[in-house]
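Single-structure report; data block below.
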Amino acid sequence: MSLVGDAADAPSAAARSRSLRLSNLTKEFAAFTAVKELDLEVPQGSFFALLGPSGCGKTTTLRMVAGLETPSSGTIHLGDTEVTYEKPYKRPVNTVFQNYALFPHLDVAENVAFGLKRRGVSNVKQQVGEMLELVELSSQAGKKPAQLSGGQQQRVALARALINKPEVLLLDEPLGALDLKLRRSMQLELKRIQTEVGITFVHVTHDQEEAMTMADTIAVMNAGEIEQMGAPDELYENPRTTFVANFLGQSNLIEADIQGRENGQVEVRVQGARASVPGDRAHSDSGSGWLGIRPEKVLIAQTGEPIDAPGDVITGGHVTDVSFVGVSTQYTVKMQWGQELMVFEQNTGSRAMLPVGTQVDVSWHPEYAFLLDASQDVSAGIEED
Ligand code: ATP
């Protein structure tokens with residue numbers, strides 16, 4: 001496959017893999033810095049998600065990789081090849097946008113063949129056939145885009161980009177225009193296609209569930225910077241900042257006095273009760289902190305009744321809200337110090353729902369807790385509806 005530049009730029013025999021590397025990448029628009037000294041490496045062949053709220057700089061980052069935006073400083077490499085200032089069409093990179101941008105007057109096969117034909121490639125039939133098979137649209141080859149569903153149009157856009165055999169495929173909110181059910185099935189479809197073609201996918205989204213479903217690695221972005229990067233379960237289970245704890249799923253964050261580190265545990269006091277946090281999940285060692293616990297890790301029982309599997313316990317709450325959502329029941333529990341905790345209980349059918357007003361205790365296994373520095377805004381990353 002022909003890559004960027006000529007043979008002189010080609011990786012040496014001892015070439016490193018063709019990972020995408022952004023080093024110290026910054027983009028300023030007048031006085032506003034949209035992307036700040038970003039450092040990240042996307043391994044070749046991985047599915048990488050840039051996740052963050054609107055305006056955090058994800059699209060600007062993607063546009064710099066595509067060559068549609070010039071960085072203010074920093075570099076972009078693909079393997080050993082620097083592409084920071086390379087023209088977009090000379091980069092082995094293609095982009096799939098949210099608004100598919102298909103040619104309405106061309107049929108599906110012609111849309112997919114477009115890039116190859118423009119490059120003067122003849123006899124494209126076989127490659128187009130393979131691509132349509134990959135995206136499961138072989139039977140729709142003769143249709144015009146307007147005769148397709150949203151999901152099918154998105155798959156044409158994907159085939160049209162993949163036929164160019166880019167090293168990196170950039171996806172900018174590619175499922176944003178689809179309804180929820182279609183989005184879910186397209187997430188699985190995209191993951192299957194990426195695994196099959198083995199091309200590096202960099203996917204931009206503000207939808208945390210979408211990022212977690214598909215990506216091998218997620219970089220959570222906030223205000224132009226990466227807050228935390230890692231595998232989805234790693235970020236979810238062990239967030240390092242209040243922003244990540246709140247943006248990726250939901251968290252109960254309770255004010256805690258940190259007592260100190262002992263035997264690999266950090267001991268804390270929360271509202272008079274004792275609790276502990278495993279050392280590798282404690283991101284602060286002294287002073288005050290936020291003790292974090294995910295709602296589905298909190299157990300609940302009527303006061304006086306045994307809690308299923310007790311760990312660290314706080315007594316004296318009462319239920320202020322109950323919502324039955326099928327697979328689980330979601331409780332809001334007001335504690336004595338005024339804070340409302342979220343508790344998600346799986347509907348195993350083992351007991352009846354606890355009605356509003358019930359006096360309850362809450363408990364969790366210490367190994368599920370995490371501890372964050374209290375200097376951070378406790379509500380950072382909470383999205384308004
Ligand atoms: P969204 O999900 O809403 O697209 P995003 O995280 O992709 O958000 P960007 O589009 O990268 O965010 O924008 C980051 C910030 O840079 C925003 O505050 C935006 O207003 C600003 N910005 C983007 N492009 C320009 C531009 N051409 N001139 C000035 N400011 C810009």
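In the structure tokens, chains take the letters A, B, ... in the order shown, each chain's residues start at 1, and ligands count up from 1 in the order shown.
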
Report the residues of stretch 95-215 of chain A whose backbone DSSP state falls under alpha helix (DSSP H), written as a ChimeraX atom specification. /A:108-118,125-134,150-162,180-197,208-214

Could the residues in this selection be saved with C-alpha atoms as a JSON list (two decimals), in the first residue's frame?
[["chain", "number", "residue", "atom", "x", "y", "z"],
["A", 108, "VAL", "CA", -24.28, 2.78, -3.95],
["A", 109, "ALA", "CA", -21.62, 0.99, -6.00],
["A", 110, "GLU", "CA", -20.61, 4.23, -7.77],
["A", 111, "ASN", "CA", -20.37, 6.05, -4.44],
["A", 112, "VAL", "CA", -18.08, 3.35, -3.08],
["A", 113, "ALA", "CA", -15.97, 3.29, -6.27],
["A", 114, "PHE", "CA", -15.55, 7.07, -6.32],
["A", 115, "GLY", "CA", -12.20, 7.37, -4.53],
["A", 116, "LEU", "CA", -10.54, 4.65, -6.59],
["A", 117, "LYS", "CA", -11.81, 6.03, -9.89],
["A", 118, "ARG", "CA", -10.60, 9.51, -9.01],
["A", 125, "LYS", "CA", -15.53, -3.93, -9.66],
["A", 126, "GLN", "CA", -13.97, -6.62, -7.50],
["A", 127, "GLN", "CA", -12.87, -4.21, -4.77],
["A", 128, "VAL", "CA", -16.29, -2.53, -4.71],
["A", 129, "GLY", "CA", -17.89, -5.97, -4.45],
["A", 130, "GLU", "CA", -15.67, -6.89, -1.51],
["A", 131, "MET", "CA", -16.39, -3.64, 0.28],
["A", 132, "LEU", "CA", -20.15, -3.99, -0.17],
["A", 133, "GLU", "CA", -19.90, -7.49, 1.20],
["A", 134, "LEU", "CA", -17.95, -6.21, 4.20],
["A", 150, "GLY", "CA", -29.82, 6.10, 7.69],
["A", 151, "GLY", "CA", -27.84, 3.08, 8.89],
["A", 152, "GLN", "CA", -27.38, 1.81, 5.34],
["A", 153, "GLN", "CA", -26.21, 5.24, 4.18],
["A", 154, "GLN", "CA", -23.69, 5.31, 7.00],
["A", 155, "ARG", "CA", -22.38, 1.91, 5.91],
["A", 156, "VAL", "CA", -21.97, 3.19, 2.33],
["A", 157, "ALA", "CA", -19.96, 6.12, 3.71],
["A", 158, "LEU", "CA", -17.83, 3.64, 5.63],
["A", 159, "ALA", "CA", -17.24, 1.45, 2.56],
["A", 160, "ARG", "CA", -16.40, 4.52, 0.50],
["A", 161, "ALA", "CA", -13.70, 5.49, 3.02],
["A", 162, "LEU", "CA", -12.35, 1.97, 3.61],
["A", 180, "LEU", "CA", -31.06, 4.84, 19.44],
["A", 181, "LYS", "CA", -31.82, 1.28, 18.32],
["A", 182, "LEU", "CA", -30.01, 1.65, 15.01],
["A", 183, "ARG", "CA", -27.09, 3.28, 16.80],
["A", 184, "ARG", "CA", -26.73, 0.26, 19.06],
["A", 185, "SER", "CA", -26.67, -2.19, 16.15],
["A", 186, "MET", "CA", -24.28, 0.02, 14.16],
["A", 187, "GLN", "CA", -21.91, 0.12, 17.16],
["A", 188, "LEU", "CA", -21.58, -3.66, 17.01],
["A", 189, "GLU", "CA", -21.32, -3.51, 13.23],
["A", 190, "LEU", "CA", -18.54, -0.90, 13.33],
["A", 191, "LYS", "CA", -16.62, -2.96, 15.86],
["A", 192, "ARG", "CA", -16.95, -6.08, 13.69],
["A", 193, "ILE", "CA", -15.77, -4.21, 10.58],
["A", 194, "GLN", "CA", -12.80, -2.70, 12.41],
["A", 195, "THR", "CA", -11.75, -6.10, 13.71],
["A", 196, "GLU", "CA", -12.10, -7.57, 10.22],
["A", 197, "VAL", "CA", -10.08, -4.89, 8.36],
["A", 208, "GLN", "CA", -19.85, 7.46, 26.78],
["A", 209, "GLU", "CA", -21.80, 4.28, 26.17],
["A", 210, "GLU", "CA", -20.84, 4.35, 22.50],
["A", 211, "ALA", "CA", -17.17, 4.80, 23.35],
["A", 212, "MET", "CA", -17.26, 1.99, 25.93],
["A", 213, "THR", "CA", -19.04, -0.43, 23.58],
["A", 214, "MET", "CA", -16.55, -0.09, 20.75]]

Distance query A:Ala256 at most 8 Å, only C-alpha atoms, self and fewer than 6 positions along chain excluded, as a PyMOL selection string: chain A and resi 268-271+288-291

Please produce a file of those selected residues containing N, CA, C and O atoms, as a PDB file, in the first residue's frame.
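Saved result, result.pdb, follows:
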ATOM      1  N   VAL A 268     -10.348   6.046  55.571  1.00  0.00           N
ATOM      2  CA  VAL A 268     -11.022   7.350  55.586  1.00  0.00           C
ATOM      3  C   VAL A 268     -12.160   7.329  56.611  1.00  0.00           C
ATOM      4  O   VAL A 268     -12.609   6.263  57.030  1.00  0.00           O
ATOM      5  N   ARG A 269     -12.611   8.529  56.971  1.00  0.00           N
ATOM      6  CA  ARG A 269     -13.834   8.641  57.773  1.00  0.00           C
ATOM      7  C   ARG A 269     -14.849   9.421  56.954  1.00  0.00           C
ATOM      8  O   ARG A 269     -14.513  10.475  56.395  1.00  0.00           O
ATOM      9  N   VAL A 270     -16.042   8.839  56.824  1.00  0.00           N
ATOM     10  CA  VAL A 270     -17.096   9.526  56.083  1.00  0.00           C
ATOM     11  C   VAL A 270     -18.275   9.742  57.009  1.00  0.00           C
ATOM     12  O   VAL A 270     -18.894   8.781  57.453  1.00  0.00           O
ATOM     13  N   GLN A 271     -18.522  11.002  57.323  1.00  0.00           N
ATOM     14  CA  GLN A 271     -19.681  11.333  58.152  1.00  0.00           C
ATOM     15  C   GLN A 271     -19.759  10.445  59.393  1.00  0.00           C
ATOM     16  O   GLN A 271     -20.798   9.871  59.717  1.00  0.00           O
ATOM     17  N   SER A 288      -8.546  16.209  52.907  1.00  0.00           N
ATOM     18  CA  SER A 288      -9.887  15.736  52.573  1.00  0.00           C
ATOM     19  C   SER A 288      -9.917  15.185  51.163  1.00  0.00           C
ATOM     20  O   SER A 288      -9.049  15.494  50.340  1.00  0.00           O
ATOM     21  N   GLY A 289     -10.904  14.346  50.934  1.00  0.00           N
ATOM     22  CA  GLY A 289     -11.032  13.719  49.621  1.00  0.00           C
ATOM     23  C   GLY A 289     -12.488  13.482  49.287  1.00  0.00           C
ATOM     24  O   GLY A 289     -13.382  13.785  50.080  1.00  0.00           O
ATOM     25  N   TRP A 290     -12.710  12.972  48.071  1.00  0.00           N
ATOM     26  CA  TRP A 290     -14.041  12.509  47.675  1.00  0.00           C
ATOM     27  C   TRP A 290     -13.985  10.998  47.622  1.00  0.00           C
ATOM     28  O   TRP A 290     -13.234  10.436  46.828  1.00  0.00           O
ATOM     29  N   LEU A 291     -14.768  10.345  48.468  1.00  0.00           N
ATOM     30  CA  LEU A 291     -14.866   8.891  48.398  1.00  0.00           C
ATOM     31  C   LEU A 291     -15.898   8.576  47.310  1.00  0.00           C
ATOM     32  O   LEU A 291     -17.037   9.038  47.372  1.00  0.00           O
TER      33      LEU A 291
END

From stretch 60-279 of chain A, collect each residue whose DSSP state is strand (DSSP E) and return the set as an NGL selection string. :A and (73-78 or 81-82 or 93-96 or 168-172 or 200-205 or 217-222 or 225-230 or 252-262 or 265-270 or 273-278)

Neighbours of ligand 1 within 9 Å, counting only C-alpha atoms and all ligand atoms, as JSON, numbers by chain? {"A": [27, 28, 29, 30, 32, 33, 34, 35, 50, 51, 52, 53, 54, 55, 56, 57, 58, 59, 60, 61, 62, 63, 69, 172, 173, 204, 205, 206, 221, 222, 223, 224]}

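Here atom CA of A:Gln44 is placed at a distance of 6.5 Å from atom CA of A:Ser17.
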
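Our summary of the geometry notes that atom CA of A:Val83 is positioned 19.5 Å from atom CA of A:Val96.
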
One decimal, in Å: what's the spacing between atom CA of A:Asp377 and atom CA of A:Leu235?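 Separation between atom CA of A:Asp377 and atom CA of A:Leu235: 18.5 Å.
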
Contacts of A:Gln250 at 12 Å (only C-alpha atoms; same-chain gap of 5+ positions) as an MDAnalysis selection string: chainID A and resid 208:209 236:237 239 242:245 292:297 341:344 379:383

Go ahead and write the residues just picked, N, CA and C atoms, as a short mmCIF file (atom, residue, chain, number, x, y, z; two decimals), in the first residue's frame.
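Below you can see selection17.cif, which holds the result:
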data_model
loop_
_atom_site.label_atom_id
_atom_site.label_comp_id
_atom_site.auth_asym_id
_atom_site.auth_seq_id
_atom_site.Cartn_x
_atom_site.Cartn_y
_atom_site.Cartn_z
N GLN A 208 -20.76 8.34 26.04
CA GLN A 208 -19.85 7.46 26.78
C GLN A 208 -20.16 5.99 26.55
N GLU A 209 -21.44 5.68 26.38
CA GLU A 209 -21.80 4.28 26.17
C GLU A 209 -21.27 3.80 24.82
N TYR A 236 -13.69 3.19 33.96
CA TYR A 236 -14.96 3.15 34.70
C TYR A 236 -14.72 2.74 36.15
N GLU A 237 -13.91 1.70 36.35
CA GLU A 237 -13.71 1.16 37.69
C GLU A 237 -12.78 2.02 38.54
N PRO A 239 -11.60 5.68 38.16
CA PRO A 239 -11.40 7.04 37.64
C PRO A 239 -10.44 7.82 38.53
N THR A 242 -12.71 13.73 39.29
CA THR A 242 -14.16 13.83 39.45
C THR A 242 -14.82 13.92 38.07
N PHE A 243 -14.13 14.58 37.13
CA PHE A 243 -14.68 14.71 35.78
C PHE A 243 -14.93 13.34 35.16
N VAL A 244 -13.92 12.47 35.23
CA VAL A 244 -14.05 11.13 34.64
C VAL A 244 -15.10 10.32 35.41
N ALA A 245 -15.09 10.44 36.74
CA ALA A 245 -16.05 9.69 37.57
C ALA A 245 -17.49 10.05 37.22
N GLY A 292 -15.49 7.79 46.32
CA GLY A 292 -16.37 7.50 45.19
C GLY A 292 -16.86 6.06 45.24
N ILE A 293 -18.16 5.90 44.91
CA ILE A 293 -18.70 4.55 44.80
C ILE A 293 -19.82 4.58 43.74
N ARG A 294 -19.73 3.66 42.79
CA ARG A 294 -20.72 3.62 41.70
C ARG A 294 -22.08 3.17 42.25
N PRO A 295 -23.18 3.69 41.72
CA PRO A 295 -24.52 3.36 42.25
C PRO A 295 -24.83 1.87 42.26
N GLU A 296 -24.32 1.13 41.26
CA GLU A 296 -24.66 -0.31 41.21
C GLU A 296 -23.83 -1.11 42.19
N LYS A 297 -22.84 -0.48 42.81
CA LYS A 297 -22.02 -1.18 43.80
C LYS A 297 -22.56 -0.97 45.22
N LEU A 341 -27.78 9.93 47.74
CA LEU A 341 -26.97 8.92 47.07
C LEU A 341 -27.83 8.15 46.08
N MET A 342 -27.19 7.70 44.99
CA MET A 342 -27.91 6.88 44.01
C MET A 342 -27.57 5.41 44.28
N VAL A 343 -28.60 4.58 44.23
CA VAL A 343 -28.40 3.14 44.43
C VAL A 343 -29.14 2.42 43.29
N PHE A 344 -28.42 1.63 42.50
CA PHE A 344 -29.07 0.85 41.43
C PHE A 344 -29.06 -0.62 41.86
N SER A 379 -18.86 18.33 41.03
CA SER A 379 -19.85 18.12 39.98
C SER A 379 -19.25 18.24 38.58
N ALA A 380 -17.92 18.25 38.47
CA ALA A 380 -17.30 18.33 37.14
C ALA A 380 -17.75 17.12 36.32
N GLY A 381 -18.08 17.36 35.06
CA GLY A 381 -18.41 16.26 34.15
C GLY A 381 -19.85 15.79 34.22
N ILE A 382 -20.65 16.37 35.13
CA ILE A 382 -22.07 15.98 35.15
C ILE A 382 -22.77 16.70 34.00
N GLU A 383 -23.39 15.91 33.12
CA GLU A 383 -24.01 16.49 31.94
C GLU A 383 -25.42 16.93 32.25
#

Which residue, A:Asn99, A:Asn123, A:Gln336, A:Thr241, has the smallest gap to A:Val220 when you use only C-alpha atoms?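 Smallest separation from A:Val220 among the options: A:Thr241.
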